[in-house]
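Enquirer: Okay, so here is protein-v4.txt, and as you'll see once you scroll down, it has compact mmCIF, C-alpha atoms.
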```
# COMPACT_ATOMS: atom_id res chain seq x y z
CA MET T 1 -33.28 -24.56 28.53
CA ASN T 2 -32.77 -24.98 24.79
CA SER T 3 -32.05 -21.89 22.71
CA THR T 4 -33.03 -21.40 19.09
CA VAL T 5 -30.36 -20.74 16.45
CA LYS T 6 -31.49 -17.12 16.24
CA GLU T 7 -31.09 -16.69 19.99
CA ILE T 8 -27.59 -18.19 19.85
CA GLN T 9 -26.76 -15.84 16.98
CA GLU T 10 -27.82 -12.90 19.13
CA HIS T 11 -25.56 -14.13 21.93
CA PHE T 12 -22.63 -14.21 19.50
CA ARG T 13 -23.43 -10.67 18.34
CA HIS T 14 -23.59 -9.52 21.96
CA LEU T 15 -20.09 -10.96 22.37
CA ARG T 16 -19.03 -9.01 19.24
CA MET T 17 -18.60 -12.18 17.20
CA ALA T 18 -20.78 -10.97 14.34
CA GLU T 19 -19.08 -13.10 11.69
CA THR T 20 -19.76 -16.29 13.65
CA ALA T 21 -23.35 -15.17 14.22
CA ASN T 22 -23.88 -14.71 10.48
CA GLY T 23 -22.21 -18.00 9.54
CA LEU T 24 -23.71 -20.11 12.35
CA PRO T 25 -26.56 -21.81 10.38
CA HIS T 26 -24.12 -22.95 7.69
CA LEU T 27 -21.56 -24.15 10.25
CA LEU T 28 -24.19 -26.10 12.20
CA ARG T 29 -25.32 -27.87 9.02
CA LYS T 30 -21.70 -28.81 8.28
CA ALA T 31 -21.27 -30.08 11.85
CA GLU T 32 -24.33 -32.33 11.55
CA GLN T 33 -23.35 -33.67 8.13
CA ALA T 34 -19.74 -34.40 9.19
CA SER T 35 -20.62 -35.52 12.73
CA TRP T 36 -18.14 -33.10 14.31
CA THR T 37 -17.25 -33.48 17.95
CA TYR T 38 -17.88 -30.57 20.31
CA GLN T 39 -14.18 -29.70 20.15
CA GLU T 40 -14.17 -29.75 16.34
CA LEU T 41 -17.22 -27.50 16.23
CA LEU T 42 -15.64 -25.06 18.68
CA GLU T 43 -12.39 -24.98 16.68
CA GLU T 44 -14.35 -24.38 13.47
CA LEU T 45 -16.35 -21.53 15.01
CA LEU T 46 -13.25 -19.77 16.33
CA THR T 47 -11.28 -20.29 13.10
CA PHE T 48 -14.20 -18.96 11.06
CA GLU T 49 -14.46 -15.83 13.23
CA LEU T 50 -10.71 -15.09 13.11
CA LYS T 51 -10.51 -15.66 9.35
CA ARG T 52 -13.45 -13.39 8.59
CA ARG T 53 -12.14 -10.69 10.93
CA GLU T 54 -8.78 -10.72 9.14
CA GLU T 55 -10.49 -10.58 5.75
CA LYS T 56 -12.48 -7.55 6.92
CA ASN T 57 -9.29 -5.94 8.26
CA VAL T 58 -7.54 -6.47 4.91
CA GLU T 59 -10.53 -4.93 3.10
CA ARG T 60 -10.39 -1.95 5.47
CA ARG T 61 -6.64 -1.48 4.97
CA LEU T 62 -7.03 -1.73 1.18
CA LYS T 63 -9.69 0.97 1.26
CA TRP T 64 -7.46 3.09 3.49
CA ALA T 65 -4.49 2.75 1.09
CA LYS T 66 -6.34 4.24 -1.91
CA PHE T 67 -4.27 2.44 -4.54
CA PRO T 68 -5.07 3.60 -8.10
CA TYR T 69 -5.00 -0.07 -9.09
CA GLN T 70 -3.89 -3.35 -7.54
CA LYS T 71 -0.94 -5.15 -9.12
CA THR T 72 1.03 -7.71 -7.17
CA LEU T 73 4.76 -8.35 -7.32
CA ASP T 74 3.99 -11.71 -8.95
CA GLU T 75 2.56 -9.78 -11.91
CA PHE T 76 5.75 -7.75 -12.38
CA ARG T 77 7.44 -8.61 -15.68
CA MET T 78 10.97 -9.48 -14.64
CA ASP T 79 11.89 -10.24 -18.25
CA GLU T 80 11.11 -6.60 -19.12
CA GLN T 81 13.20 -5.05 -16.33
CA GLN T 82 16.78 -6.27 -15.94
CA SER T 83 17.78 -3.55 -13.46
CA ILE T 84 16.32 -5.50 -10.54
CA SER T 85 16.56 -9.25 -9.95
CA SER T 86 14.00 -11.78 -8.72
CA ARG T 87 16.19 -12.26 -5.65
CA GLN T 88 16.03 -8.54 -4.85
CA ILE T 89 12.25 -8.48 -5.33
CA ASN T 90 11.88 -11.45 -2.99
CA GLN T 91 14.09 -9.77 -0.38
CA LEU T 92 11.96 -6.63 -0.59
CA ARG T 93 8.72 -8.56 -0.21
CA GLU T 94 9.97 -10.04 3.08
CA LEU T 95 9.47 -6.49 4.44
CA ASN T 96 12.47 -6.54 6.78
CA TRP T 97 13.17 -2.98 5.62
CA LEU T 98 9.67 -1.92 6.69
CA GLU T 99 10.01 -3.51 10.11
CA GLN T 100 13.30 -1.58 10.52
CA GLN T 101 11.71 1.66 9.21
CA TYR T 102 13.95 1.89 6.16
CA ASN T 103 12.85 3.95 3.16
CA LEU T 104 12.92 2.96 -0.52
CA VAL T 105 13.57 5.32 -3.41
CA LEU T 106 12.67 3.93 -6.85
CA LEU T 107 14.31 5.94 -9.62
CA GLY T 108 13.92 5.74 -13.37
CA PRO T 109 12.14 7.15 -16.41
CA PRO T 110 8.36 6.81 -16.85
CA GLY T 111 7.03 3.37 -17.66
CA VAL T 112 9.75 1.17 -16.14
CA GLY T 113 7.64 -0.28 -13.32
CA LYS T 114 8.36 2.01 -10.35
CA THR T 115 4.71 2.44 -9.38
CA HIS T 116 3.97 -1.26 -9.96
CA ILE T 117 6.74 -2.28 -7.54
CA ALA T 118 5.63 0.32 -4.99
CA ILE T 119 2.00 -0.87 -5.10
CA GLY T 120 3.08 -4.52 -5.03
CA LEU T 121 5.09 -3.89 -1.87
CA GLY T 122 2.17 -1.93 -0.44
CA LEU T 123 -0.12 -4.91 -1.00
CA GLU T 124 2.39 -7.25 0.66
CA ALA T 125 2.48 -4.91 3.66
CA ILE T 126 -1.33 -4.79 3.90
CA TYR T 127 -1.65 -8.58 3.85
CA LYS T 128 0.91 -8.75 6.67
CA GLY T 129 -1.07 -6.36 8.85
CA PHE T 130 0.55 -2.98 8.13
CA LYS T 131 -1.35 0.23 7.40
CA VAL T 132 -0.43 1.75 4.03
CA SER T 133 -1.21 5.07 2.33
CA PHE T 134 -0.65 5.74 -1.38
CA LEU T 135 -0.87 9.09 -3.14
CA THR T 136 0.84 11.07 -5.87
CA MET T 137 3.01 14.07 -5.10
CA GLY T 138 0.39 16.33 -6.67
CA GLU T 139 -2.33 14.89 -4.43
CA LEU T 140 -0.10 15.23 -1.38
CA VAL T 141 0.68 18.89 -2.03
CA HIS T 142 -3.03 19.61 -2.46
CA LEU T 143 -3.85 17.90 0.85
CA LEU T 144 -1.11 19.76 2.71
CA LYS T 145 -2.24 23.13 1.34
CA THR T 146 -5.91 22.53 2.21
CA GLU T 147 -5.55 20.71 5.53
CA GLU T 148 -6.41 23.81 7.57
CA TYR T 149 -9.84 24.35 6.03
CA LEU T 150 -10.95 21.10 4.36
CA SER T 151 -12.09 18.31 6.67
CA LYS T 152 -11.51 15.72 3.92
CA SER T 153 -7.86 16.75 3.61
CA LYS T 154 -7.47 16.72 7.40
CA THR T 155 -8.91 13.18 7.58
CA GLN T 156 -6.70 11.85 4.78
CA LEU T 157 -3.56 13.35 6.27
CA LYS T 158 -4.46 11.96 9.69
CA ARG T 159 -4.64 8.49 8.15
CA LEU T 160 -1.39 9.07 6.29
CA ARG T 161 0.42 10.09 9.49
CA GLU T 162 -0.89 6.94 11.21
CA SER T 163 0.34 4.67 8.39
CA ASP T 164 3.24 2.26 8.77
CA LEU T 165 4.13 2.76 5.10
CA VAL T 166 3.59 5.90 3.01
CA ILE T 167 3.99 5.63 -0.77
CA ILE T 168 4.51 8.93 -2.61
CA ASP T 169 4.36 8.48 -6.37
CA ASP T 170 5.94 10.85 -8.93
CA LEU T 171 8.01 12.79 -6.42
CA MET T 172 9.39 15.99 -7.93
CA TYR T 173 7.26 15.63 -11.03
CA LEU T 174 6.21 19.26 -10.60
CA ALA T 175 8.16 22.17 -9.17
CA MET T 176 7.16 23.42 -5.70
CA ASP T 177 6.99 26.90 -4.33
CA GLN T 178 8.58 27.66 -0.95
CA ARG T 179 5.37 27.17 1.04
CA GLU T 180 4.72 23.79 -0.56
CA ALA T 181 8.31 22.69 0.05
CA ASN T 182 8.05 23.79 3.68
CA LEU T 183 4.79 21.85 4.21
CA PHE T 184 6.38 18.79 2.61
CA PHE T 185 9.38 19.07 4.91
CA HIS T 186 7.17 19.16 8.01
CA LEU T 187 5.39 16.00 6.87
CA ILE T 188 8.66 14.17 6.18
CA ASN T 189 9.98 15.35 9.53
CA TYR T 190 6.87 13.96 11.26
CA LEU T 191 7.15 10.59 9.49
CA TYR T 192 10.88 10.33 10.21
CA GLU T 193 11.52 7.24 12.37
CA ARG T 194 7.74 6.69 12.70
CA SER T 195 6.97 5.23 9.27
CA SER T 196 8.70 3.90 6.20
CA ILE T 197 8.39 5.81 2.94
CA ILE T 198 8.53 4.62 -0.66
CA LEU T 199 9.26 7.39 -3.15
CA THR T 200 9.13 7.00 -6.92
CA SER T 201 10.77 9.64 -9.07
CA ASN T 202 12.19 10.17 -12.54
CA LYS T 203 14.78 12.54 -11.05
CA GLY T 204 17.62 11.67 -8.69
CA PRO T 205 18.02 13.29 -5.25
CA LYS T 206 20.70 15.65 -6.61
CA GLN T 207 18.04 17.26 -8.82
CA TRP T 208 15.38 17.65 -6.14
CA GLY T 209 16.78 20.98 -4.98
CA GLU T 210 16.09 22.54 -8.38
CA LEU T 211 12.41 21.68 -8.12
CA MET T 212 11.96 22.65 -4.48
CA GLY T 213 13.63 25.99 -4.99
CA ASP T 214 15.14 26.00 -1.50
CA GLN T 215 18.41 24.16 -0.98
CA GLY T 216 18.13 24.35 2.81
CA ILE T 217 14.74 22.61 2.87
CA THR T 218 15.93 20.10 0.29
CA THR T 219 18.96 19.22 2.41
CA ALA T 220 16.78 18.77 5.50
CA ILE T 221 14.37 16.52 3.59
CA LEU T 222 17.17 14.44 2.09
CA ASP T 223 18.82 14.11 5.49
CA ARG T 224 15.72 12.38 6.85
CA ILE T 225 14.80 10.33 3.78
CA LEU T 226 18.32 9.09 3.06
CA HIS T 227 19.29 8.34 6.65
CA ARG T 228 18.15 4.74 6.22
CA VAL T 229 17.34 4.10 2.60
CA GLU T 230 17.71 1.70 -0.30
CA VAL T 231 17.90 3.45 -3.67
CA ILE T 232 16.86 1.29 -6.62
CA HIS T 233 17.61 2.41 -10.17
CA LEU T 234 15.30 1.09 -12.90
CA ASN T 235 16.97 2.01 -16.14
CA GLU T 236 15.35 -0.16 -18.82
CA ASP T 237 13.21 1.18 -21.65
CA SER T 238 9.60 1.98 -20.86
CA TYR T 239 7.42 -1.13 -20.74
CA ARG T 240 4.43 0.93 -21.91
CA ILE T 241 6.33 2.22 -24.94
CA LYS T 242 7.63 -1.22 -25.91
CA HIS T 243 4.13 -2.70 -25.71
CA ARG T 244 2.11 0.24 -26.93
CA SER T 245 -0.81 -0.49 -29.21
CA THR T 246 -1.44 1.37 -32.45
CA ILE T 247 -4.55 2.33 -34.38
CA PHE T 248 -2.68 1.76 -37.64
CA LYS T 249 -2.46 -1.62 -39.33
CA GLU T 250 0.90 -2.62 -40.68
CA LYS T 251 1.03 -2.27 -44.44
CA SER T 252 2.04 -5.45 -46.17
CA VAL T 253 5.01 -5.22 -48.52
CA GLN T 254 4.14 -6.14 -52.07
CA ASN T 255 6.61 -6.99 -54.79
```
Turn this file's structure into C-alpha cells for me.

Expert:
Amino acid sequence: MNSTVKEIQEHFRHLRMAETANGLPHLLRKAEQASWTYQELLEELLTFELKRREEKNVERRLKWAKFPYQKTLDEFRMDEQQSISSRQINQLRELNWLEQQYNLVLLGPPGVGKTHIAIGLGLEAIYKGFKVSFLTMGELVHLLKTEEYLSKSKTQLKRLRESDLVIIDDLMYLAMDQREANLFFHLINYLYERSSIILTSNKGPKQWGELMGDQGITTAILDRILHRVEVIHLNEDSYRIKHRSTIFKEKSVQN
C-alpha cells in the first residue's frame, strides 16, 4: 500500500523525528533530481535529522545562557591586549579546564576584554554541548535574595545550578552585606566540584574580603574557587577608552 508524503511525514512525527518530517518534501525532490540510491536517501534523512536537532539544542543552550551579547574568541583583538597570547587563548578554547572542572578568574581594570573572553569561552562550551549560565554579580545577588518567593528567580537559579559552566561577571563590583555573602557562599559551595566557574573582577582575591565584610566567609569561598583555578591578569589599557568616539571635531591648526 502506497503512502502519501503527508502520511509519511506523520509517521516521522510519531517517531519524534519532526525535523525530518518538515524537511521531507525538499529531501525527496533532491533525491529524485540526483537519483540517490535508497542508502543515500536514508543517510541524508538521518544526517538531516541529527543536524537540525543539534542546531535546535544549540539555540536552546544559547537562550539558557542569557549572554548580554555574543562575541566569539575570534573577534577578540589580540593586538590590543598583550597580557594574554594567542597560544593561551587557543589552549583555553580547547576546554580541557572545563572537562576537569577547573575555574578561571579574569582580573583587570574595566574595558580590557574580561567579559569578551568569558563570553567567547561560554560560546565555545555551548557549541561543544555544555550548558552555560551567564549573569552579573548584581543579578546573581538579586536572584539569591528573591529565590524563596519569586518563581522566576527560583527557575533561573535551578538552571544555573544545572549548568556545566557558570560565568559571573563583575565579581565584587559592589559591596555585600553578611546575608548576601552567606547566600553567595552557599551557591559556590553547591557548585564546587559540580561545575566550572569563570569570574571576572577588577579586584584581586586579596581584596574580596573587604567587600564581603566577613573574612571567614571570604576564606571559605576562596578555598573552593581557588582549589583548581587559572588566574589570568589582563593589565593593558582599556580598549573602550583607547577607541572611544567623541562628539567634538578636531580643530585644525592654522598658521

Enquirer: Separation of atom CA of T:His116 and atom CA of T:Glu75, in Å?

Expert: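 Distance between the two atoms: 8.9 Å.
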
Enquirer: If I take atom CA of T:Glu43 and atom CA of T:Arg29, how far is one from the other in Å, to one decimal?

Expert: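 Separating atom CA of T:Glu43 from atom CA of T:Arg29 is a distance of 15.3 Å.
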
Enquirer: Excluding T:Thr219 and any residue of its chain fewer than 4 positions from it, enumerate the residues within 8 Å of it, using all atoms listed in the file, and give them as a list in words.

Expert: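 Those residues are Gly209, Gln215 and Asp223 of chain T.
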
Enquirer: Can I get the residues of stretch 65-113 of chain T within 8 Å of stretch 121-133 of chain T, each with the closest pair of atoms and their distance in Å to one decimal, using only C-alpha atoms, sorted chain first then ascending number, as JSON lines?

Expert:
```
{"residue": "T:Ala65", "atom": "CA", "partner": "T:Ser133", "partner_atom": "CA", "distance": 4.2}
{"residue": "T:Lys66", "atom": "CA", "partner": "T:Ser133", "partner_atom": "CA", "distance": 6.7}
{"residue": "T:Phe67", "atom": "CA", "partner": "T:Ser133", "partner_atom": "CA", "distance": 8.0}
{"residue": "T:Gln70", "atom": "CA", "partner": "T:Leu123", "partner_atom": "CA", "distance": 7.7}
{"residue": "T:Thr72", "atom": "CA", "partner": "T:Leu123", "partner_atom": "CA", "distance": 6.9}
{"residue": "T:Leu73", "atom": "CA", "partner": "T:Leu121", "partner_atom": "CA", "distance": 7.1}
{"residue": "T:Leu92", "atom": "CA", "partner": "T:Leu121", "partner_atom": "CA", "distance": 7.5}
{"residue": "T:Arg93", "atom": "CA", "partner": "T:Leu121", "partner_atom": "CA", "distance": 6.1}
{"residue": "T:Leu95", "atom": "CA", "partner": "T:Ala125", "partner_atom": "CA", "distance": 7.2}
```

Enquirer: At what distance in Å, to one decimal, does atom CA of T:Lys56 lie from atom CA of T:Tyr102?

Expert: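 A separation of 28.1 Å between them.
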
Enquirer: Check the smallest atom-to-atom distance from each of T:Ala31, T:Met17, T:Val229, T:Ala118 to T:Lys51 using all atoms listed in the file, then report the winner.

Expert: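 Ranked by minimum distance to T:Lys51, first place goes to T:Met17.
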
Enquirer: Please identify all polymer residues within 6 Å of stretch 175-177 of chain T, counting all atoms listed in the file, omitting same-chain residues fewer than 2 positions from it, and present them as a ChimeraX atom specification.

Expert: /T:179-181,211-212

Enquirer: Leaving out T:Leu107 and any residue of its chain fewer than 5 positions from it, which residues lie within 10 Å of it when counting all atoms listed in the file, given as a list of chain:residue names?

Expert: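 My list of contacting residues is T:Val112, T:Gly113, T:Lys114, T:Asp170, T:Leu171, T:Leu199, T:Thr200, T:Ser201, T:Asn202, T:Lys203, T:Gly204, T:Pro205, T:Val231, T:Ile232, T:His233, T:Leu234, T:Asn235.
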
Enquirer: Write a file of the just-selected residues containing C-alpha atoms, as a PDB file, keeping the file's coordinate frame.

Expert:
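For reference, result_3.pdb as written:
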```
ATOM      1  CA  VAL T 112       9.750   1.170 -16.140  1.00  0.00           C
ATOM      2  CA  GLY T 113       7.640  -0.280 -13.320  1.00  0.00           C
ATOM      3  CA  LYS T 114       8.360   2.010 -10.350  1.00  0.00           C
ATOM      4  CA  ASP T 170       5.940  10.850  -8.930  1.00  0.00           C
ATOM      5  CA  LEU T 171       8.010  12.790  -6.420  1.00  0.00           C
ATOM      6  CA  LEU T 199       9.260   7.390  -3.150  1.00  0.00           C
ATOM      7  CA  THR T 200       9.130   7.000  -6.920  1.00  0.00           C
ATOM      8  CA  SER T 201      10.770   9.640  -9.070  1.00  0.00           C
ATOM      9  CA  ASN T 202      12.190  10.170 -12.540  1.00  0.00           C
ATOM     10  CA  LYS T 203      14.780  12.540 -11.050  1.00  0.00           C
ATOM     11  CA  GLY T 204      17.620  11.670  -8.690  1.00  0.00           C
ATOM     12  CA  PRO T 205      18.020  13.290  -5.250  1.00  0.00           C
ATOM     13  CA  VAL T 231      17.900   3.450  -3.670  1.00  0.00           C
ATOM     14  CA  ILE T 232      16.860   1.290  -6.620  1.00  0.00           C
ATOM     15  CA  HIS T 233      17.610   2.410 -10.170  1.00  0.00           C
ATOM     16  CA  LEU T 234      15.300   1.090 -12.900  1.00  0.00           C
ATOM     17  CA  ASN T 235      16.970   2.010 -16.140  1.00  0.00           C
TER      18      ASN T 235
END
```

Enquirer: Let me have the centre and edge lengths in Å, one decimal, of the box along x, y and z around every listed atom of stretch 130-138 of chain T with 3 Å of margin on each side, as JSON.

Expert:
```
{"center_x": 0.8, "center_y": 6.7, "center_z": 0.7, "size_x": 10.4, "size_y": 25.3, "size_z": 20.8}
```

Enquirer: Could you pull out every residue with an atom within 12 Å of (-4.0, 10.7, 8.0), file coordinates, counting only C-alpha atoms, and send them as a PyMOL selection string?

Expert: chain T and resi 64-65+131-135+140+143-144+147+151-166+187+190-191

Enquirer: For T:Asn22, which of T:Glu49, T:Glu80, T:Glu193, T:Glu44 is the closest residue, counting all atoms listed in the file?

Expert: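 Among T:Glu49, T:Glu80, T:Glu193, T:Glu44, it is T:Glu49 that comes nearest to T:Asn22.
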
Enquirer: From the set T:Gln82, T:Ile8, T:Ser35, T:Glu19, which residue has the shortest atom-to-atom contact distance to T:Glu55, counting all atoms listed in the file?

Expert: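 The shortest atom-to-atom distance to T:Glu55 comes from T:Glu19.
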